[in-house]
Amino acid sequence: MKFSAHLESWDLVQPFRISGAEWLSSSGLVVQLAEDGCVGRGEAQGVFYLNETAQSIFEQVHDVAGAIRKGITRAELQHLLPPGGARNAVDCALWDLECKKSGKTIWQLTGITPKRVTTVFTIGLESTAEAMAAKAAAAVGAPILKIKLDRHQPYEKLAAIRKARPDAALVVDANQGWSFDLLKEVIPKCADLDLGMIEQPLPRGHDEMLEGFDSPVTLAADESCLDSSELDTAARRYSMINIKLDKTGGLTEALKLARQAKARGCKLMVGNMVGTSLGMAPSFVVAQLCDFVDIDGPLLLKYDHPTGLKYDKGVVDVFSPAFWG
């Protein structure tokens with residue numbers, strides 16, 4: 001098997017801010033695997049809050065390049081690399097390669113029936129409620145908005161956005177930025193804002209107080225559930241799991257987590273680390289199983305692959321197998 005890997009950087013339309021971090025561009029790893037005249041590709045950005053960078057996951061895949069070149073199955077890959085961005089890029093490239101070699105689509109290999117999905121559009125964190133409301137108003141074609149918040153005026157920002165976009169469905173992502181006291185303070189105030197869910201309000205490893213907490217708004221685990229090994233604990237604290245392929249280490253583990261979480265009665269969401277359509281295509285597969293879909297990464301970039309995913313007012317079409325899968 002021929003193996004190659006390289007880094008790419010894609011400029012963002014505008015600075016993207018969440019609680020505790022800011023980006024001006026999206027840097028990612030692209031892995032290409034070739035065999036029998038067929039080429040499979042996979043993209044990953046890594047998990048920034050686990051100190052992964054595009055460079056670090058690039059180095060990870062090169063450390064195991066010899067084993068990959070000898071030929072490796074997706075099952076063997078789960079033991080060769082740990083969960084994270086490096087394994088994600090290789091795993092997705094293996095799926096794509098298997099599709100190309102077999103002449104079967106990703107839908108035939110997974111047994112999933114594809115359909116259009118509606119993605120959220122992310123409103124990045126700003127310092128004032130007015131600035132965030134203006135960004136929400138500008139996203140007039142997006143039917144579902146995902147609002148990034150921190151500890152500073154969360155209700156005021158949400159109320160301003162709701163006033164600016166009374167037509168939109170709203171979900172919240174606090175990115176571990178709240179305390180339990182703040183969560184209990186904010187939720188009652190938001191009763192009239194019709195929130196679909198609140199994602200990761202408390203820090204990973206410091207959310208045990210959510211066990212037994214009866215929240216009137218659905219709470220979703222993101223940083224608190226990296227892969228299926230953390231599902232048991234997360235399912236006691238949250239009623240929704242946000243699956244990201246960079247966290248799980250690829251589509252293989254992501255599908256495993258999705259099915260196990262559904263069996264536990266959890267709702268599902270698929271998320272992204274702000275990548276291109278090459279990174280979103282495998283996430284689109286997981287999206288078929290989800291209640292909420294967050295694959296808006298390409299919409300935040302100045303440019304994307306010209307044959308990648310097609311977006312129209314939040315609706316994402318089924319991609320061409322010539323592009324991926």
# chains A, B, ... in the order shown; residues from 1 in each chain; ligands from 1
>>> select_by_dssp(residues="stretch 110-214 of chain A", states="strand (DSSP E or B)", output="number ranges by chain")
A: 117-118, 121-123, 144-148, 169-173, 195-199
>>> residues_around(residues="A:Gln108", least_positions_apart="4", cutoff="12 Å", atoms="only C-alpha atoms", output="short mmCIF file (atom, residue, chain, number, x, y, z; two decimals) with all heavy atoms, in the first residue's frame")
data_model
loop_
_atom_site.label_atom_id
_atom_site.label_comp_id
_atom_site.auth_asym_id
_atom_site.auth_seq_id
_atom_site.Cartn_x
_atom_site.Cartn_y
_atom_site.Cartn_z
N TRP A 95 -11.57 3.73 4.62
CA TRP A 95 -12.95 3.59 4.17
C TRP A 95 -13.07 4.00 2.70
O TRP A 95 -13.70 3.30 1.88
CB TRP A 95 -13.88 4.47 5.02
CG TRP A 95 -14.37 3.87 6.29
CD1 TRP A 95 -13.93 4.16 7.56
CD2 TRP A 95 -15.41 2.90 6.45
NE1 TRP A 95 -14.62 3.43 8.48
CE2 TRP A 95 -15.54 2.65 7.84
CE3 TRP A 95 -16.25 2.22 5.57
CZ2 TRP A 95 -16.48 1.75 8.36
CZ3 TRP A 95 -17.18 1.33 6.08
CH2 TRP A 95 -17.29 1.10 7.45
N GLU A 98 -11.44 1.45 0.43
CA GLU A 98 -12.26 0.24 0.31
C GLU A 98 -13.42 0.47 -0.65
O GLU A 98 -13.76 -0.41 -1.46
CB GLU A 98 -12.79 -0.17 1.68
CG GLU A 98 -13.58 -1.47 1.67
CD GLU A 98 -14.02 -1.92 3.05
OE1 GLU A 98 -13.51 -1.38 4.06
OE2 GLU A 98 -14.87 -2.83 3.13
N CYS A 99 -14.03 1.64 -0.59
CA CYS A 99 -15.10 1.97 -1.53
C CYS A 99 -14.59 1.96 -2.97
O CYS A 99 -15.21 1.36 -3.86
CB CYS A 99 -15.69 3.34 -1.21
SG CYS A 99 -16.65 3.42 0.31
N SER A 102 -13.65 -1.67 -4.11
CA SER A 102 -14.77 -2.61 -4.22
C SER A 102 -15.81 -2.17 -5.24
O SER A 102 -16.64 -2.98 -5.67
CB SER A 102 -15.45 -2.76 -2.86
OG SER A 102 -16.09 -1.55 -2.47
N GLY A 103 -15.78 -0.87 -5.59
CA GLY A 103 -16.81 -0.35 -6.47
C GLY A 103 -18.13 -0.12 -5.76
O GLY A 103 -19.15 0.15 -6.40
N LYS A 104 -18.10 -0.21 -4.42
CA LYS A 104 -19.30 0.02 -3.62
C LYS A 104 -19.21 1.39 -2.96
O LYS A 104 -18.12 1.88 -2.67
CB LYS A 104 -19.46 -1.06 -2.55
CG LYS A 104 -19.67 -2.45 -3.10
CD LYS A 104 -19.83 -3.47 -1.98
CE LYS A 104 -20.08 -4.86 -2.53
NZ LYS A 104 -20.23 -5.87 -1.44
N ILE A 112 -26.27 2.13 5.52
CA ILE A 112 -27.02 3.34 5.88
C ILE A 112 -27.63 3.95 4.62
O ILE A 112 -26.98 4.05 3.59
CB ILE A 112 -26.09 4.37 6.56
CG1 ILE A 112 -25.60 3.82 7.91
CG2 ILE A 112 -26.80 5.71 6.76
CD1 ILE A 112 -24.52 4.68 8.56
N THR A 113 -28.90 4.34 4.71
CA THR A 113 -29.57 4.99 3.59
C THR A 113 -29.35 6.49 3.68
O THR A 113 -29.73 7.11 4.67
CB THR A 113 -31.08 4.68 3.60
OG1 THR A 113 -31.26 3.27 3.52
CG2 THR A 113 -31.77 5.35 2.42
N PRO A 114 -28.74 7.11 2.66
CA PRO A 114 -28.43 8.54 2.75
C PRO A 114 -29.62 9.42 2.42
O PRO A 114 -30.48 9.08 1.62
CB PRO A 114 -27.33 8.71 1.70
CG PRO A 114 -27.66 7.68 0.66
CD PRO A 114 -28.22 6.50 1.42
N VAL A 285 -21.97 10.86 7.02
CA VAL A 285 -22.44 9.48 7.20
C VAL A 285 -23.03 9.32 8.60
O VAL A 285 -24.13 8.79 8.77
CB VAL A 285 -21.29 8.48 6.97
CG1 VAL A 285 -21.76 7.05 7.21
CG2 VAL A 285 -20.73 8.63 5.55
N PRO A 321 -19.88 9.97 -4.69
CA PRO A 321 -18.85 8.99 -4.32
C PRO A 321 -17.52 9.23 -5.04
O PRO A 321 -16.48 8.72 -4.61
CB PRO A 321 -19.47 7.65 -4.73
CG PRO A 321 -20.54 7.98 -5.71
CD PRO A 321 -21.05 9.32 -5.32
N GLY A 325 -15.89 8.22 -0.58
CA GLY A 325 -16.82 7.14 -0.24
C GLY A 325 -17.64 6.60 -1.38
O GLY A 325 -18.73 6.11 -1.18
#
>>> select_by_dssp(residues="stretch 231-316 of chain A", states="helix (DSSP H, G or I)", output="PyMOL selection string")
chain A and resi 231-237+245-248+251-263+277-287+297-300
>>> write_last_selection(atoms="N, CA, C and O atoms", output="short mmCIF file (atom, residue, chain, number, x, y, z; two decimals), in the first residue's frame")
data_model
loop_
_atom_site.label_atom_id
_atom_site.label_comp_id
_atom_site.auth_asym_id
_atom_site.auth_seq_id
_atom_site.Cartn_x
_atom_site.Cartn_y
_atom_site.Cartn_z
N LEU A 231 -18.68 6.29 27.25
CA LEU A 231 -20.13 6.43 27.12
C LEU A 231 -20.87 6.17 28.42
O LEU A 231 -21.82 6.89 28.74
N ASP A 232 -20.48 5.16 29.16
CA ASP A 232 -21.22 4.82 30.38
C ASP A 232 -21.31 6.00 31.33
O ASP A 232 -22.39 6.33 31.85
N THR A 233 -20.19 6.67 31.57
CA THR A 233 -20.18 7.83 32.46
C THR A 233 -20.96 8.98 31.85
O THR A 233 -21.78 9.63 32.53
N ALA A 234 -20.73 9.26 30.58
CA ALA A 234 -21.40 10.39 29.92
C ALA A 234 -22.92 10.21 29.90
O ALA A 234 -23.67 11.17 30.09
N ALA A 235 -23.38 8.99 29.69
CA ALA A 235 -24.82 8.74 29.59
C ALA A 235 -25.54 8.93 30.92
O ALA A 235 -26.75 9.14 30.95
N ARG A 236 -24.81 8.90 32.03
CA ARG A 236 -25.41 9.18 33.34
C ARG A 236 -25.56 10.67 33.57
O ARG A 236 -26.32 11.08 34.45
N ARG A 237 -24.85 11.48 32.81
CA ARG A 237 -24.81 12.92 33.05
C ARG A 237 -25.47 13.73 31.95
O ARG A 237 -25.86 14.88 32.17
N LEU A 245 -15.43 12.89 14.69
CA LEU A 245 -14.52 11.86 14.22
C LEU A 245 -13.09 12.07 14.71
O LEU A 245 -12.35 11.11 14.88
N ASP A 246 -12.70 13.33 14.93
CA ASP A 246 -11.37 13.56 15.50
C ASP A 246 -11.28 13.01 16.92
O ASP A 246 -10.21 12.59 17.36
N LYS A 247 -12.37 13.06 17.66
CA LYS A 247 -12.37 12.51 19.03
C LYS A 247 -12.35 10.98 19.00
O LYS A 247 -11.57 10.35 19.72
N THR A 248 -13.22 10.40 18.20
CA THR A 248 -13.34 8.93 18.19
C THR A 248 -12.17 8.26 17.50
O THR A 248 -11.89 7.08 17.73
N LEU A 251 -14.27 7.11 11.45
CA LEU A 251 -15.65 6.72 11.21
C LEU A 251 -15.99 5.37 11.83
O LEU A 251 -17.10 5.16 12.29
N THR A 252 -15.03 4.48 11.87
CA THR A 252 -15.27 3.15 12.43
C THR A 252 -15.75 3.24 13.88
O THR A 252 -16.79 2.69 14.25
N GLU A 253 -14.99 3.93 14.71
CA GLU A 253 -15.36 4.08 16.11
C GLU A 253 -16.56 5.01 16.28
O GLU A 253 -17.37 4.83 17.20
N ALA A 254 -16.70 5.99 15.39
CA ALA A 254 -17.85 6.90 15.47
C ALA A 254 -19.16 6.15 15.29
O ALA A 254 -20.14 6.39 16.01
N LEU A 255 -19.21 5.24 14.34
CA LEU A 255 -20.42 4.45 14.12
C LEU A 255 -20.68 3.52 15.30
O LEU A 255 -21.84 3.31 15.70
N LYS A 256 -19.62 2.98 15.88
CA LYS A 256 -19.76 2.13 17.07
C LYS A 256 -20.35 2.93 18.22
O LYS A 256 -21.30 2.48 18.89
N LEU A 257 -19.82 4.13 18.45
CA LEU A 257 -20.32 4.99 19.53
C LEU A 257 -21.77 5.37 19.28
O LEU A 257 -22.59 5.37 20.21
N ALA A 258 -22.11 5.71 18.04
CA ALA A 258 -23.47 6.12 17.71
C ALA A 258 -24.46 5.01 18.03
O ALA A 258 -25.52 5.26 18.63
N ARG A 259 -24.13 3.80 17.66
CA ARG A 259 -25.07 2.70 17.87
C ARG A 259 -25.17 2.33 19.34
O ARG A 259 -26.26 2.02 19.84
N GLN A 260 -24.07 2.40 20.07
CA GLN A 260 -24.11 2.11 21.50
C GLN A 260 -24.87 3.19 22.25
O GLN A 260 -25.64 2.89 23.18
N ALA A 261 -24.69 4.45 21.85
CA ALA A 261 -25.38 5.54 22.52
C ALA A 261 -26.89 5.47 22.26
O ALA A 261 -27.70 5.71 23.17
N LYS A 262 -27.27 5.14 21.04
CA LYS A 262 -28.70 4.98 20.73
C LYS A 262 -29.30 3.86 21.58
O LYS A 262 -30.42 3.98 22.07
N ALA A 263 -28.56 2.78 21.74
CA ALA A 263 -29.05 1.66 22.54
C ALA A 263 -29.22 2.06 24.00
O ALA A 263 -30.07 1.50 24.71
N SER A 277 -14.70 19.96 3.17
CA SER A 277 -15.66 18.92 2.80
C SER A 277 -15.06 17.52 2.91
O SER A 277 -15.79 16.55 3.14
N LEU A 278 -13.75 17.40 2.76
CA LEU A 278 -13.12 16.08 2.89
C LEU A 278 -13.26 15.55 4.30
O LEU A 278 -13.42 14.34 4.51
N GLY A 279 -13.22 16.44 5.29
CA GLY A 279 -13.45 16.02 6.66
C GLY A 279 -14.92 15.88 7.00
O GLY A 279 -15.29 15.09 7.86
N MET A 280 -15.77 16.64 6.31
CA MET A 280 -17.21 16.61 6.59
C MET A 280 -17.90 15.39 5.99
O MET A 280 -18.91 14.93 6.51
N ALA A 281 -17.38 14.85 4.87
CA ALA A 281 -18.08 13.75 4.19
C ALA A 281 -18.27 12.53 5.11
O ALA A 281 -19.40 12.00 5.21
N PRO A 282 -17.25 12.04 5.82
CA PRO A 282 -17.49 10.93 6.76
C PRO A 282 -18.43 11.32 7.90
O PRO A 282 -19.21 10.49 8.37
N SER A 283 -18.37 12.59 8.32
CA SER A 283 -19.29 13.05 9.36
C SER A 283 -20.73 13.07 8.85
O SER A 283 -21.67 12.87 9.62
N PHE A 284 -20.91 13.33 7.56
CA PHE A 284 -22.23 13.29 6.93
C PHE A 284 -22.83 11.88 7.05
O PHE A 284 -24.05 11.72 7.17
N VAL A 285 -21.97 10.86 7.02
CA VAL A 285 -22.44 9.48 7.20
C VAL A 285 -23.03 9.32 8.60
O VAL A 285 -24.13 8.79 8.77
N VAL A 286 -22.30 9.78 9.61
CA VAL A 286 -22.79 9.71 11.00
C VAL A 286 -24.05 10.56 11.15
O VAL A 286 -24.96 10.21 11.92
N ALA A 287 -24.12 11.66 10.42
CA ALA A 287 -25.27 12.58 10.51
C ALA A 287 -26.58 11.88 10.22
O ALA A 287 -27.64 12.28 10.72
N GLY A 297 -18.41 23.26 8.90
CA GLY A 297 -17.02 23.67 8.75
C GLY A 297 -16.71 24.39 7.45
O GLY A 297 -16.13 25.48 7.47
N PRO A 298 -17.09 23.83 6.28
CA PRO A 298 -16.78 24.51 5.01
C PRO A 298 -17.42 25.89 4.88
O PRO A 298 -16.88 26.74 4.17
N LEU A 299 -18.54 26.12 5.56
CA LEU A 299 -19.20 27.42 5.48
C LEU A 299 -18.40 28.51 6.20
O LEU A 299 -18.61 29.70 5.95
N LEU A 300 -17.51 28.10 7.09
CA LEU A 300 -16.69 29.05 7.84
C LEU A 300 -15.38 29.36 7.13
O LEU A 300 -14.62 30.23 7.56
#
>>> atom_distance(atom1="atom CA of A:Tyr155", atom2="atom CA of A:Ala174")
11.9 Å
>>> residues_around(residues="A:Gly212", least_positions_apart="2", cutoff="10 Å", atoms="only C-alpha atoms", output="list in words")
Glu208, Met209, Leu210, Asp214, Ser215, Arg236, Arg237 and Tyr238 of chain A
>>> residues_around(residues="stretch 34-38 of chain A", least_positions_apart="2", cutoff="8 Å", atoms="only C-alpha atoms", output="ChimeraX atom specification")
/A:1-3,32,40,97,100-101
>>> residues_around(residues="A:Lys163", least_positions_apart="4", cutoff="9 Å", atoms="only C-alpha atoms", output="NGL selection string")
:A and (133 or 158-159)
>>> residues_around(residues="A:Leu12", least_positions_apart="4", cutoff="7 Å", atoms="only C-alpha atoms", output="count of residues only")
6
